[in-house]
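First up is the structure itself, then whatever we jot down about it.
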Amino acid sequence: MKHFGGSAQATDIGAGRTNPVGGSAQAYFKKLEIVLASLDHKSFDNAVALVAHAQEDGKQIITLGNGGSSLTALHFITDWNKSIYLSTKRPFRGRTLVDNVGLTFAYANDVSFQDVFVEQLKNILNEGDLVIAISGSGNSENVLRAVRYANDHGAVTLGLCGYGGGTLRQIAQHVVWVNVNDMQLAEDIHSMFGHVVMQCLCFASTQKWGDQQRPGGAAQCINPNEAAAEAGWQS
C-alpha cells in the first residue's frame, strides 16, 4: 500500500478549543493554516496523477462517501466532468455512487446500508477503474466494503481520510491522509483536493499528462485565470 500524508503525530489542534460559541473565523482559519503547513504535497500530486492516468486510459473515476464526504464526492464529479472535459476535449468518465437517492435507499432497505456502495460497484466496476473513497474517520463500513471489493476486482483505489486514517488508510492502495483530529478541517482539505485535480488536469489541455510533470513528479497546475478562460467559467 502507498501511504502519504502528514507526520505520524496527529495535528491535535482541537484539544485546546474554547467554547465553540466563542470561536471566530480568524481562529478557524489559523487552525486551517496549521493543517495546510503539515500536509505532504507529494501525496496530492501522486493522487492527481492517478486521476489523470485514469482519464487517459478511458477508465471510470468513481467517487463515494457518507455525509459531508458524500457531497464532496459529488462535488468532485460535478467539477471534473464539466471543466476537465471542456479544457482537455477528452472524455472524462467520472461518476459517483451518492447521487441516486432511490438506488441508495433500495440497497439500504433490501440489503443493508453497509452494502450501498459495494452493491453498486458490482454492477458497474471494470478492471483498471479508479475508485476514490472518502471518509473523515477512515472507518465507515460501507466505504471499507467498497474499497475491499475494488481491490479484489482489479480496480485502483484511492482513500481520502483524516484523524489517524482508520482502516481506510491501511487497505486503500493509495492514500491522501489529512492527519488532524478535526472532521471539519479534514473535510476542508478533501474538498481542496478536488480543486487541485481540476486545475492540474485542465493544464493538460494540449499535451499528455506525462509531459506536464515537473522534475520529481510534482504536478504543474494551470494558472486559475487561464483555466477559467479556457473552460468558459463565469466566475
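Chain lettering (A, B, ...) mirrors the order of the C-alpha cells, residue numbering begins at 1 for each chain separately, and ligand numbering begins at 1 in order of display.
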Check your understanding: Neighbours of A:Asp129 within 10 Å (only C-alpha atoms; same-chain residues fewer than 4 positions away dropped), as number ranges by chain?
Key -> A: 51, 54-55, 57-62, 93, 124-125, 150, 153-157
Store the residues of this selection in a file with C-alpha atoms, as a PDB file, in the first residue's frame.
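Dumped everything to out14.pdb:
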```
ATOM      1  CA  VAL A  51      -6.940  10.644 -11.880  1.00  0.00           C
ATOM      2  CA  ALA A  54      -7.437   7.013 -15.473  1.00  0.00           C
ATOM      3  CA  GLN A  55      -8.750   9.674 -17.848  1.00  0.00           C
ATOM      4  CA  ASP A  57      -6.746   5.248 -20.273  1.00  0.00           C
ATOM      5  CA  GLY A  58     -10.502   5.726 -20.670  1.00  0.00           C
ATOM      6  CA  LYS A  59     -11.250   4.299 -17.231  1.00  0.00           C
ATOM      7  CA  GLN A  60     -14.076   5.282 -14.929  1.00  0.00           C
ATOM      8  CA  ILE A  61     -13.327   7.566 -11.982  1.00  0.00           C
ATOM      9  CA  ILE A  62     -15.830   6.579  -9.278  1.00  0.00           C
ATOM     10  CA  ARG A  93     -15.711   9.213 -17.348  1.00  0.00           C
ATOM     11  CA  ILE A 124     -20.514  -1.030 -12.898  1.00  0.00           C
ATOM     12  CA  LEU A 125     -16.880  -1.663 -11.906  1.00  0.00           C
ATOM     13  CA  ALA A 150     -12.489  -2.783  -5.753  1.00  0.00           C
ATOM     14  CA  HIS A 153     -11.530  -6.917  -8.737  1.00  0.00           C
ATOM     15  CA  GLY A 154      -8.620  -5.172 -10.391  1.00  0.00           C
ATOM     16  CA  ALA A 155      -9.505  -1.540  -9.685  1.00  0.00           C
ATOM     17  CA  VAL A 156      -7.197   1.194  -8.413  1.00  0.00           C
ATOM     18  CA  THR A 157      -8.233   2.564  -5.019  1.00  0.00           C
TER      19      THR A 157
END
```
Exercise for review: Could you tell me, as a VMD selection string, which residues of stretch 92-185 of chain A DSSP assigns to helix (DSSP H, G or I) when given the backbone?
Suggested key: chain A and resid 101 to 110 113 to 115 118 to 124 141 to 152 166 to 171 183 to 185
Which residues, written as a short mmCIF file (atom, residue, chain, number, x, y, z; two decimals) with N, CA and C atoms, in the first residue's frame, have at least one atom at most 10 Å from A:Leu64, with only C-alpha atoms counted and residues fewer than 3 positions away on the same chain left out?
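And here is the file that came out, out35.cif:
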```cif
data_model
loop_
_atom_site.label_atom_id
_atom_site.label_comp_id
_atom_site.auth_asym_id
_atom_site.auth_seq_id
_atom_site.Cartn_x
_atom_site.Cartn_y
_atom_site.Cartn_z
N SER A 69 -18.86 13.95 3.30
CA SER A 69 -17.98 13.33 2.32
C SER A 69 -18.74 12.89 1.07
N SER A 70 -20.03 12.59 1.22
CA SER A 70 -20.82 12.24 0.04
C SER A 70 -20.97 13.46 -0.87
N LEU A 71 -21.15 14.63 -0.27
CA LEU A 71 -21.27 15.84 -1.07
C LEU A 71 -19.93 16.23 -1.68
N THR A 72 -18.84 15.94 -0.99
CA THR A 72 -17.52 16.14 -1.58
C THR A 72 -17.34 15.22 -2.78
N ALA A 73 -17.76 13.96 -2.65
CA ALA A 73 -17.67 13.02 -3.75
C ALA A 73 -18.47 13.50 -4.95
N LEU A 74 -19.65 14.05 -4.71
CA LEU A 74 -20.48 14.59 -5.78
C LEU A 74 -19.86 15.84 -6.39
N ARG A 95 -18.06 9.36 -12.37
CA ARG A 95 -19.39 9.07 -11.83
C ARG A 95 -19.28 8.91 -10.32
N THR A 96 -20.38 9.12 -9.64
CA THR A 96 -20.41 8.99 -8.19
C THR A 96 -21.49 8.00 -7.77
N LEU A 97 -21.30 7.38 -6.64
CA LEU A 97 -22.28 6.41 -6.12
C LEU A 97 -23.23 7.03 -5.11
N VAL A 98 -23.26 8.37 -5.02
CA VAL A 98 -24.07 9.02 -3.98
C VAL A 98 -25.25 9.81 -4.53
N ASP A 99 -25.40 9.90 -5.86
CA ASP A 99 -26.38 10.83 -6.39
C ASP A 99 -27.75 10.21 -6.67
N PHE A 117 -22.67 0.90 -1.31
CA PHE A 117 -21.66 1.22 -2.32
C PHE A 117 -21.16 -0.03 -3.03
N VAL A 131 -11.31 4.04 -8.06
CA VAL A 131 -12.33 4.25 -7.04
C VAL A 131 -11.75 5.18 -5.97
N ILE A 132 -12.39 6.33 -5.78
CA ILE A 132 -11.95 7.31 -4.79
C ILE A 132 -12.93 7.27 -3.62
N ALA A 133 -12.47 6.79 -2.48
CA ALA A 133 -13.30 6.61 -1.30
C ALA A 133 -12.93 7.66 -0.26
N ILE A 134 -13.94 8.38 0.23
CA ILE A 134 -13.71 9.49 1.15
C ILE A 134 -14.35 9.17 2.50
N SER A 135 -13.57 9.24 3.56
CA SER A 135 -14.08 9.00 4.91
C SER A 135 -13.23 9.77 5.90
N ASN A 142 -19.42 0.96 5.08
CA ASN A 142 -19.82 0.85 3.68
C ASN A 142 -18.72 1.31 2.72
N VAL A 143 -17.90 2.26 3.16
CA VAL A 143 -16.76 2.69 2.37
C VAL A 143 -15.70 1.58 2.31
N ALA A 146 -16.61 -1.29 -0.02
CA ALA A 146 -16.44 -0.92 -1.42
C ALA A 146 -14.97 -0.97 -1.82
N VAL A 147 -14.09 -0.49 -0.96
CA VAL A 147 -12.66 -0.49 -1.27
C VAL A 147 -12.12 -1.92 -1.35
#
```
Exercise for review: For atom CA of A:Ser191 and atom CA of A:Ser43, quote the distance in Å rounded to one decimal.
Suggested key: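 These atoms are spaced 14.7 Å apart.
Checking A:Val180, A:Leu86, A:Leu130, A:Leu144 one by one against A:Asp115, counting only C-alpha atoms, you find the shortest gap at A:Leu144.
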Practice item. Extract, using only C-alpha atoms, all DNA, RNA and protein residues at most 10 Å from A:Glu187, discarding same-chain residues fewer than 2 positions from it, and format them as number ranges by chain. Key: A: 68-69, 72, 134-136, 160-162, 178, 182-185, 189-193
Review point. Restricting the calculation to only C-alpha atoms, which member of A:Lys89, A:Lys30, A:Lys42, A:His53 is positioned closest to A:Cys202?
Key: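 For A:Cys202, the nearest of the candidates is A:Lys89.
Note that DSSP on the backbone gives strand (DSSP E or B) to these residues of stretch 34-98 of chain A: Gln60, Ile61, Ile62, Thr63, Leu64, Gly65, Arg93, Gly94, Arg95 and Thr96 of chain A.
Those residues that approach A:Ala106 to within 12 Å, counting only C-alpha atoms, are Asn100, Ser112, Phe113, Asp115, Val116, Phe117, Glu119 and Gln120 of chain A; same-chain residues fewer than 6 positions away are not listed.
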Let's have the selection written as a PDB file, in the first residue's frame, with N, CA and C atoms.
```pdb
ATOM      1  N   ASN A 100     -27.836   8.876  -6.727  1.00  0.00           N
ATOM      2  CA  ASN A 100     -29.123   8.228  -6.988  1.00  0.00           C
ATOM      3  C   ASN A 100     -29.755   7.841  -5.654  1.00  0.00           C
ATOM      4  N   SER A 112     -28.451  -3.900   2.944  1.00  0.00           N
ATOM      5  CA  SER A 112     -28.043  -3.241   4.185  1.00  0.00           C
ATOM      6  C   SER A 112     -27.370  -1.930   3.819  1.00  0.00           C
ATOM      7  N   PHE A 113     -27.362  -0.992   4.767  1.00  0.00           N
ATOM      8  CA  PHE A 113     -26.697   0.281   4.499  1.00  0.00           C
ATOM      9  C   PHE A 113     -25.197   0.087   4.321  1.00  0.00           C
ATOM     10  N   ASP A 115     -23.842  -2.012   2.606  1.00  0.00           N
ATOM     11  CA  ASP A 115     -23.582  -2.516   1.265  1.00  0.00           C
ATOM     12  C   ASP A 115     -24.038  -1.568   0.150  1.00  0.00           C
ATOM     13  N   VAL A 116     -24.407  -0.341   0.481  1.00  0.00           N
ATOM     14  CA  VAL A 116     -24.971   0.545  -0.549  1.00  0.00           C
ATOM     15  C   VAL A 116     -23.964   0.893  -1.637  1.00  0.00           C
ATOM     16  N   PHE A 117     -22.672   0.899  -1.312  1.00  0.00           N
ATOM     17  CA  PHE A 117     -21.662   1.217  -2.323  1.00  0.00           C
ATOM     18  C   PHE A 117     -21.156  -0.031  -3.029  1.00  0.00           C
ATOM     19  N   GLU A 119     -22.621  -2.835  -3.575  1.00  0.00           N
ATOM     20  CA  GLU A 119     -23.612  -3.399  -4.494  1.00  0.00           C
ATOM     21  C   GLU A 119     -23.639  -2.628  -5.810  1.00  0.00           C
ATOM     22  N   GLN A 120     -23.452  -1.319  -5.746  1.00  0.00           N
ATOM     23  CA  GLN A 120     -23.376  -0.540  -6.977  1.00  0.00           C
ATOM     24  C   GLN A 120     -22.114  -0.868  -7.767  1.00  0.00           C
TER      25      GLN A 120
END
```
Practice item. Please provide the set of residues having any atom within 8 Å of A:Ile84, restricted to only C-alpha atoms, with same-chain residues fewer than 5 positions apart removed, written as a VMD selection string. Key: chain A and resid 79 89 92 198 201 to 202 231
**Study point:** Pairwise distance for atom CA of A:Tyr85 and atom CA of A:Thr63, rounded to one decimal in Å
**Key:**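 Atom CA of A:Thr63 lies 17.3 Å from atom CA of A:Tyr85.
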Review point. Looking at only C-alpha atoms, which of A:Trp80, A:Asn181, A:Arg148, A:Gly138 is the one that sits closest to A:Gly165?
Key: A:Gly138
